[in-house]
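Next up, query_30.tsv (TSV, N, CA, C and O atoms):
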```
chain	number	residue	atom	x	y	z
A	1	MET	N	20.30	20.85	0.34
A	1	MET	CA	19.40	19.73	0.46
A	1	MET	C	18.01	20.15	-0.06
A	1	MET	O	17.49	21.17	0.35
A	2	LYS	N	17.46	19.33	-0.91
A	2	LYS	CA	16.12	19.60	-1.42
A	2	LYS	C	15.07	19.05	-0.46
A	2	LYS	O	15.24	17.96	0.08
A	3	ARG	N	14.01	19.79	-0.25
A	3	ARG	CA	12.97	19.38	0.70
A	3	ARG	C	11.59	19.32	0.06
A	3	ARG	O	10.60	19.23	0.77
A	4	ASP	N	11.54	19.35	-1.25
A	4	ASP	CA	10.24	19.32	-1.92
A	4	ASP	C	9.77	17.88	-2.14
A	4	ASP	O	10.54	16.93	-2.02
A	5	ARG	N	8.51	17.70	-2.44
A	5	ARG	CA	7.92	16.37	-2.61
A	5	ARG	C	8.55	15.60	-3.77
A	5	ARG	O	8.61	14.39	-3.74
A	6	ASP	N	9.04	16.31	-4.78
A	6	ASP	CA	9.67	15.63	-5.91
A	6	ASP	C	10.99	14.97	-5.52
A	6	ASP	O	11.49	14.11	-6.24
A	7	SER	N	11.55	15.35	-4.39
A	7	SER	CA	12.81	14.79	-3.91
A	7	SER	C	12.62	13.91	-2.68
A	7	SER	O	13.58	13.54	-2.04
A	8	ARG	N	11.37	13.56	-2.37
A	8	ARG	CA	11.10	12.79	-1.15
A	8	ARG	C	10.47	11.44	-1.50
A	8	ARG	O	9.53	11.35	-2.28
A	9	ALA	N	11.01	10.38	-0.86
A	9	ALA	CA	10.52	9.02	-1.06
A	9	ALA	C	10.17	8.38	0.28
A	9	ALA	O	10.67	8.79	1.32
A	10	ILE	N	9.32	7.37	0.21
A	10	ILE	CA	9.00	6.55	1.38
A	10	ILE	C	8.91	5.10	0.90
A	10	ILE	O	8.33	4.82	-0.15
A	11	ALA	N	9.51	4.19	1.66
A	11	ALA	CA	9.48	2.77	1.30
A	11	ALA	C	9.60	1.94	2.57
A	11	ALA	O	10.10	2.43	3.59
A	12	GLY	N	9.14	0.70	2.50
A	12	GLY	CA	9.24	-0.16	3.66
A	12	GLY	C	9.03	-1.62	3.30
A	12	GLY	O	8.55	-1.96	2.22
A	13	LEU	N	9.40	-2.49	4.24
A	13	LEU	CA	9.30	-3.94	4.10
A	13	LEU	C	8.28	-4.48	5.10
A	13	LEU	O	8.25	-4.04	6.25
A	14	SER	N	7.46	-5.40	4.67
A	14	SER	CA	6.46	-6.06	5.50
A	14	SER	C	5.46	-5.03	6.03
A	14	SER	O	4.86	-4.32	5.25
A	15	MET	N	5.30	-4.94	7.34
A	15	MET	CA	4.36	-3.95	7.87
A	15	MET	C	4.81	-2.52	7.53
A	15	MET	O	4.00	-1.63	7.37
A	16	GLY	N	6.11	-2.33	7.40
A	16	GLY	CA	6.63	-1.03	6.95
A	16	GLY	C	6.22	-0.73	5.53
A	16	GLY	O	6.02	0.43	5.16
A	17	GLY	N	6.07	-1.77	4.71
A	17	GLY	CA	5.58	-1.59	3.35
A	17	GLY	C	4.13	-1.14	3.34
A	17	GLY	O	3.75	-0.26	2.56
A	18	SER	N	3.33	-1.73	4.22
A	18	SER	CA	1.94	-1.30	4.34
A	18	SER	C	1.88	0.15	4.78
A	18	SER	O	1.11	0.95	4.24
A	19	GLU	N	2.71	0.49	5.76
A	19	GLU	CA	2.72	1.86	6.27
A	19	GLU	C	3.21	2.85	5.22
A	19	GLU	O	2.71	3.96	5.12
A	20	SER	N	4.18	2.44	4.41
A	20	SER	CA	4.66	3.34	3.36
A	20	SER	C	3.58	3.59	2.31
A	20	SER	O	3.45	4.72	1.82
A	21	LEU	N	2.80	2.58	1.97
A	21	LEU	CA	1.69	2.79	1.04
A	21	LEU	C	0.63	3.70	1.65
A	21	LEU	O	0.17	4.65	1.00
A	22	LEU	N	0.24	3.42	2.88
A	22	LEU	CA	-0.79	4.24	3.53
A	22	LEU	C	-0.33	5.68	3.67
A	22	LEU	O	-1.07	6.61	3.35
A	23	THR	N	0.88	5.87	4.13
A	23	THR	CA	1.39	7.23	4.33
A	23	THR	C	1.67	7.93	3.01
A	23	THR	O	1.22	9.05	2.78
A	24	GLY	N	2.42	7.26	2.14
A	24	GLY	CA	2.82	7.88	0.88
A	24	GLY	C	1.66	8.21	-0.03
A	24	GLY	O	1.56	9.31	-0.57
A	25	LEU	N	0.75	7.26	-0.21
A	25	LEU	CA	-0.36	7.48	-1.15
A	25	LEU	C	-1.45	8.38	-0.59
A	25	LEU	O	-2.24	8.95	-1.35
A	26	ASN	N	-1.48	8.54	0.71
A	26	ASN	CA	-2.46	9.45	1.30
A	26	ASN	C	-1.89	10.84	1.58
A	26	ASN	O	-2.61	11.73	2.04
A	27	THR	N	-0.60	11.02	1.31
A	27	THR	CA	0.02	12.35	1.46
A	27	THR	C	0.89	12.65	0.24
A	27	THR	O	2.09	12.89	0.37
A	28	LEU	N	0.29	12.64	-0.92
A	28	LEU	CA	1.04	12.90	-2.15
A	28	LEU	C	1.53	14.34	-2.23
A	28	LEU	O	2.34	14.67	-3.08
A	29	ASP	N	1.09	15.18	-1.33
A	29	ASP	CA	1.64	16.53	-1.26
A	29	ASP	C	3.04	16.51	-0.63
A	29	ASP	O	3.79	17.48	-0.75
A	30	LYS	N	3.41	15.39	0.00
A	30	LYS	CA	4.72	15.27	0.65
A	30	LYS	C	5.63	14.25	-0.02
A	30	LYS	O	6.85	14.35	0.07
A	31	PHE	N	5.08	13.22	-0.68
A	31	PHE	CA	5.87	12.15	-1.28
A	31	PHE	C	5.49	11.95	-2.74
A	31	PHE	O	4.32	11.94	-3.08
A	32	SER	N	6.50	11.74	-3.61
A	32	SER	CA	6.20	11.42	-5.00
A	32	SER	C	6.83	10.09	-5.43
A	32	SER	O	6.63	9.66	-6.55
A	33	TRP	N	7.58	9.45	-4.53
A	33	TRP	CA	8.20	8.16	-4.77
A	33	TRP	C	7.76	7.24	-3.64
A	33	TRP	O	8.04	7.52	-2.47
A	34	VAL	N	7.08	6.13	-3.96
A	34	VAL	CA	6.53	5.24	-2.92
A	34	VAL	C	6.89	3.81	-3.26
A	34	VAL	O	6.71	3.36	-4.39
A	35	GLY	N	7.42	3.08	-2.26
A	35	GLY	CA	7.79	1.69	-2.46
A	35	GLY	C	7.28	0.81	-1.33
A	35	GLY	O	7.29	1.21	-0.17
A	36	ALA	N	6.81	-0.37	-1.67
A	36	ALA	CA	6.34	-1.34	-0.68
A	36	ALA	C	6.85	-2.72	-1.07
A	36	ALA	O	6.70	-3.14	-2.21
A	37	PHE	N	7.45	-3.41	-0.10
A	37	PHE	CA	8.06	-4.70	-0.36
A	37	PHE	C	7.46	-5.73	0.59
A	37	PHE	O	7.56	-5.60	1.81
A	38	SER	N	6.80	-6.73	0.03
A	38	SER	CA	6.16	-7.81	0.80
A	38	SER	C	5.22	-7.26	1.87
A	38	SER	O	5.23	-7.69	3.02
A	39	SER	N	4.42	-6.29	1.49
A	39	SER	CA	3.48	-5.69	2.45
A	39	SER	C	2.16	-6.44	2.45
A	39	SER	O	1.83	-7.18	1.54
A	40	GLY	N	1.42	-6.24	3.50
A	40	GLY	CA	0.10	-6.86	3.63
A	40	GLY	C	-0.70	-6.11	4.67
A	40	GLY	O	-0.33	-5.02	5.09
A	41	GLY	N	-1.82	-6.69	5.05
A	41	GLY	CA	-2.62	-6.09	6.11
A	41	GLY	C	-3.69	-5.14	5.64
A	41	GLY	O	-4.24	-4.39	6.43
A	42	PHE	N	-3.99	-5.15	4.35
A	42	PHE	CA	-5.03	-4.26	3.84
A	42	PHE	C	-6.37	-4.95	3.76
A	42	PHE	O	-6.44	-6.16	3.56
A	43	THR	N	-7.41	-4.18	3.89
A	43	THR	CA	-8.76	-4.70	3.72
A	43	THR	C	-9.14	-4.57	2.25
A	43	THR	O	-8.50	-3.82	1.51
A	44	PRO	N	-10.19	-5.24	1.81
A	44	PRO	CA	-10.63	-5.08	0.43
A	44	PRO	C	-11.30	-3.73	0.16
A	44	PRO	O	-11.64	-3.43	-0.97
A	45	GLU	N	-11.45	-2.92	1.17
A	45	GLU	CA	-12.10	-1.61	1.02
A	45	GLU	C	-11.07	-0.55	0.65
A	45	GLU	O	-10.68	0.29	1.46
A	46	PHE	N	-10.66	-0.57	-0.60
A	46	PHE	CA	-9.61	0.31	-1.12
A	46	PHE	C	-9.92	1.78	-0.85
A	46	PHE	O	-9.04	2.55	-0.46
A	47	ASP	N	-11.16	2.19	-1.07
A	47	ASP	CA	-11.54	3.59	-0.88
A	47	ASP	C	-11.36	4.06	0.56
A	47	ASP	O	-11.05	5.22	0.81
A	48	LYS	N	-11.53	3.16	1.52
A	48	LYS	CA	-11.34	3.52	2.93
A	48	LYS	C	-9.86	3.56	3.30
A	48	LYS	O	-9.45	4.36	4.14
A	49	GLU	N	-9.06	2.69	2.70
A	49	GLU	CA	-7.62	2.65	2.97
A	49	GLU	C	-6.90	3.86	2.36
A	49	GLU	O	-5.94	4.38	2.93
A	50	PHE	N	-7.36	4.27	1.18
A	50	PHE	CA	-6.69	5.32	0.43
A	50	PHE	C	-7.68	6.42	0.01
A	50	PHE	O	-7.91	6.63	-1.18
A	51	PRO	N	-8.23	7.14	0.97
A	51	PRO	CA	-9.24	8.15	0.64
A	51	PRO	C	-8.68	9.33	-0.16
A	51	PRO	O	-9.44	10.03	-0.83
A	52	ALA	N	-7.38	9.55	-0.11
A	52	ALA	CA	-6.80	10.70	-0.81
A	52	ALA	C	-6.57	10.45	-2.30
A	52	ALA	O	-6.33	11.39	-3.05
A	53	LEU	N	-6.63	9.19	-2.73
A	53	LEU	CA	-6.39	8.89	-4.15
A	53	LEU	C	-7.59	9.24	-5.00
A	53	LEU	O	-8.73	8.98	-4.63
A	54	ASP	N	-7.30	9.82	-6.16
A	54	ASP	CA	-8.35	10.12	-7.12
A	54	ASP	C	-7.75	10.03	-8.53
A	54	ASP	O	-6.61	9.60	-8.69
A	55	ALA	N	-8.49	10.44	-9.52
A	55	ALA	CA	-8.05	10.31	-10.90
A	55	ALA	C	-6.77	11.10	-11.19
A	55	ALA	O	-6.01	10.75	-12.09
A	56	LYS	N	-6.49	12.14	-10.44
A	56	LYS	CA	-5.31	12.97	-10.67
A	56	LYS	C	-4.06	12.45	-9.95
A	56	LYS	O	-2.96	12.91	-10.20
A	57	SER	N	-4.22	11.48	-9.07
A	57	SER	CA	-3.10	10.99	-8.27
A	57	SER	C	-1.99	10.40	-9.12
A	57	SER	O	-0.81	10.58	-8.81
A	58	ASN	N	-2.31	9.71	-10.18
A	58	ASN	CA	-1.30	9.09	-11.03
A	58	ASN	C	-0.33	10.12	-11.60
A	58	ASN	O	0.85	9.84	-11.76
A	59	GLN	N	-0.81	11.31	-11.87
A	59	GLN	CA	0.03	12.37	-12.42
A	59	GLN	C	1.01	12.91	-11.38
A	59	GLN	O	2.03	13.50	-11.73
A	60	GLN	N	0.74	12.69	-10.10
A	60	GLN	CA	1.59	13.20	-9.03
A	60	GLN	C	2.71	12.24	-8.64
A	60	GLN	O	3.68	12.64	-8.02
A	61	ILE	N	2.59	10.97	-8.99
A	61	ILE	CA	3.53	9.96	-8.55
A	61	ILE	C	4.63	9.76	-9.60
A	61	ILE	O	4.34	9.49	-10.76
A	62	HIS	N	5.88	9.91	-9.18
A	62	HIS	CA	7.00	9.63	-10.08
A	62	HIS	C	7.20	8.12	-10.22
A	62	HIS	O	7.48	7.63	-11.30
A	63	LEU	N	7.09	7.41	-9.07
A	63	LEU	CA	7.25	5.96	-9.10
A	63	LEU	C	6.47	5.33	-7.97
A	63	LEU	O	6.54	5.79	-6.83
A	64	LEU	N	5.69	4.31	-8.29
A	64	LEU	CA	5.03	3.48	-7.30
A	64	LEU	C	5.53	2.06	-7.53
A	64	LEU	O	5.29	1.48	-8.59
A	65	TRP	N	6.29	1.51	-6.57
A	65	TRP	CA	6.89	0.20	-6.70
A	65	TRP	C	6.29	-0.72	-5.64
A	65	TRP	O	6.41	-0.46	-4.45
A	66	ILE	N	5.64	-1.78	-6.07
A	66	ILE	CA	5.08	-2.78	-5.16
A	66	ILE	C	5.66	-4.12	-5.56
A	66	ILE	O	5.50	-4.56	-6.70
A	67	ALA	N	6.36	-4.77	-4.63
A	67	ALA	CA	6.99	-6.05	-4.90
A	67	ALA	C	6.50	-7.09	-3.90
A	67	ALA	O	6.41	-6.82	-2.70
A	68	CYS	N	6.16	-8.27	-4.40
A	68	CYS	CA	5.70	-9.37	-3.56
A	68	CYS	C	6.38	-10.65	-4.02
A	68	CYS	O	6.47	-10.91	-5.21
A	69	GLY	N	6.82	-11.45	-3.08
A	69	GLY	CA	7.43	-12.72	-3.42
A	69	GLY	C	6.38	-13.81	-3.56
A	69	GLY	O	5.22	-13.63	-3.21
A	70	THR	N	6.81	-14.95	-4.06
A	70	THR	CA	5.89	-16.07	-4.24
A	70	THR	C	6.27	-17.29	-3.39
A	70	THR	O	5.55	-18.26	-3.35
A	71	THR	N	7.42	-17.22	-2.73
A	71	THR	CA	7.85	-18.33	-1.88
A	71	THR	C	8.28	-17.81	-0.51
A	71	THR	O	8.56	-16.62	-0.35
A	72	THR	N	8.32	-18.70	0.46
A	72	THR	CA	8.79	-18.32	1.80
A	72	THR	C	10.06	-19.09	2.12
A	72	THR	O	10.35	-20.12	1.51
A	73	GLY	N	10.77	-18.60	3.09
A	73	GLY	CA	11.96	-19.31	3.55
A	73	GLY	C	13.15	-18.82	2.92
A	73	GLY	O	14.16	-19.02	2.63
```

Reformat the file's structure so that it appears as structure tokens.
Amino acid sequence: MKRDRDSRAIAGLSMGGSESLLTGLNTLDKFSWVGAFSSGGFTPEFDKEFPALDAKSNQQIHLLWIACGTTTG
């Protein structure tokens, strides 16, 4: 079993999607695959939500998947 960050993903739906973004993007030393589905609950203060992100972060992420629907029901 591989235990390195290149083999580790985090993803979630709704509030779990918010948590996966917060956890995954703020701990890129542990996760390189991050997914969020229909997440919400963020403030417009991006720098406060994601203090660990910087110009080098994009090079560390294998995949960042954010999906949002347009209809309910």

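Shortest separation to Gln59 of chain A among A:Thr71, A:Asp47, A:Ala11, A:Ser32 occurs at residue A:Ser32, atoms counted being only C-alpha atoms.
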
With only N, CA, C and O atoms as the counted atoms, please give the residues lying no more than 7 Å from Gly40 of chain A, apart from itself and same-chain residues fewer than 6 positions off, as a ChimeraX atom specification. /A:14-15,17-19

Neighbouring residues of segment 6-8 of chain A were defined as those with any atom within 8 Å, considering only N, CA, C and O atoms; residues of the same chain fewer than 2 positions away were excluded. Please report them as a ChimeraX atom specification. /A:2-4,10-11,28-34,60,62-63

Edge lengths and centre in Å to one decimal, as lines of an AutoDock Vina configuration file, is what I'm after for the box along x, y and z that holds all listed atoms of segment 43-54 of chain A once 5 Å is added on each side.
```
center_x = -9.0
center_y = 3.1
center_z = -2.3
size_x = 16.2
size_y = 26.6
size_z = 22.8
```

Please report the interatomic distance between atom N of Trp65 of chain A and atom N of Ala36 of chain A in Å with one decimal.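 Those two atoms sit 5.3 Å apart.
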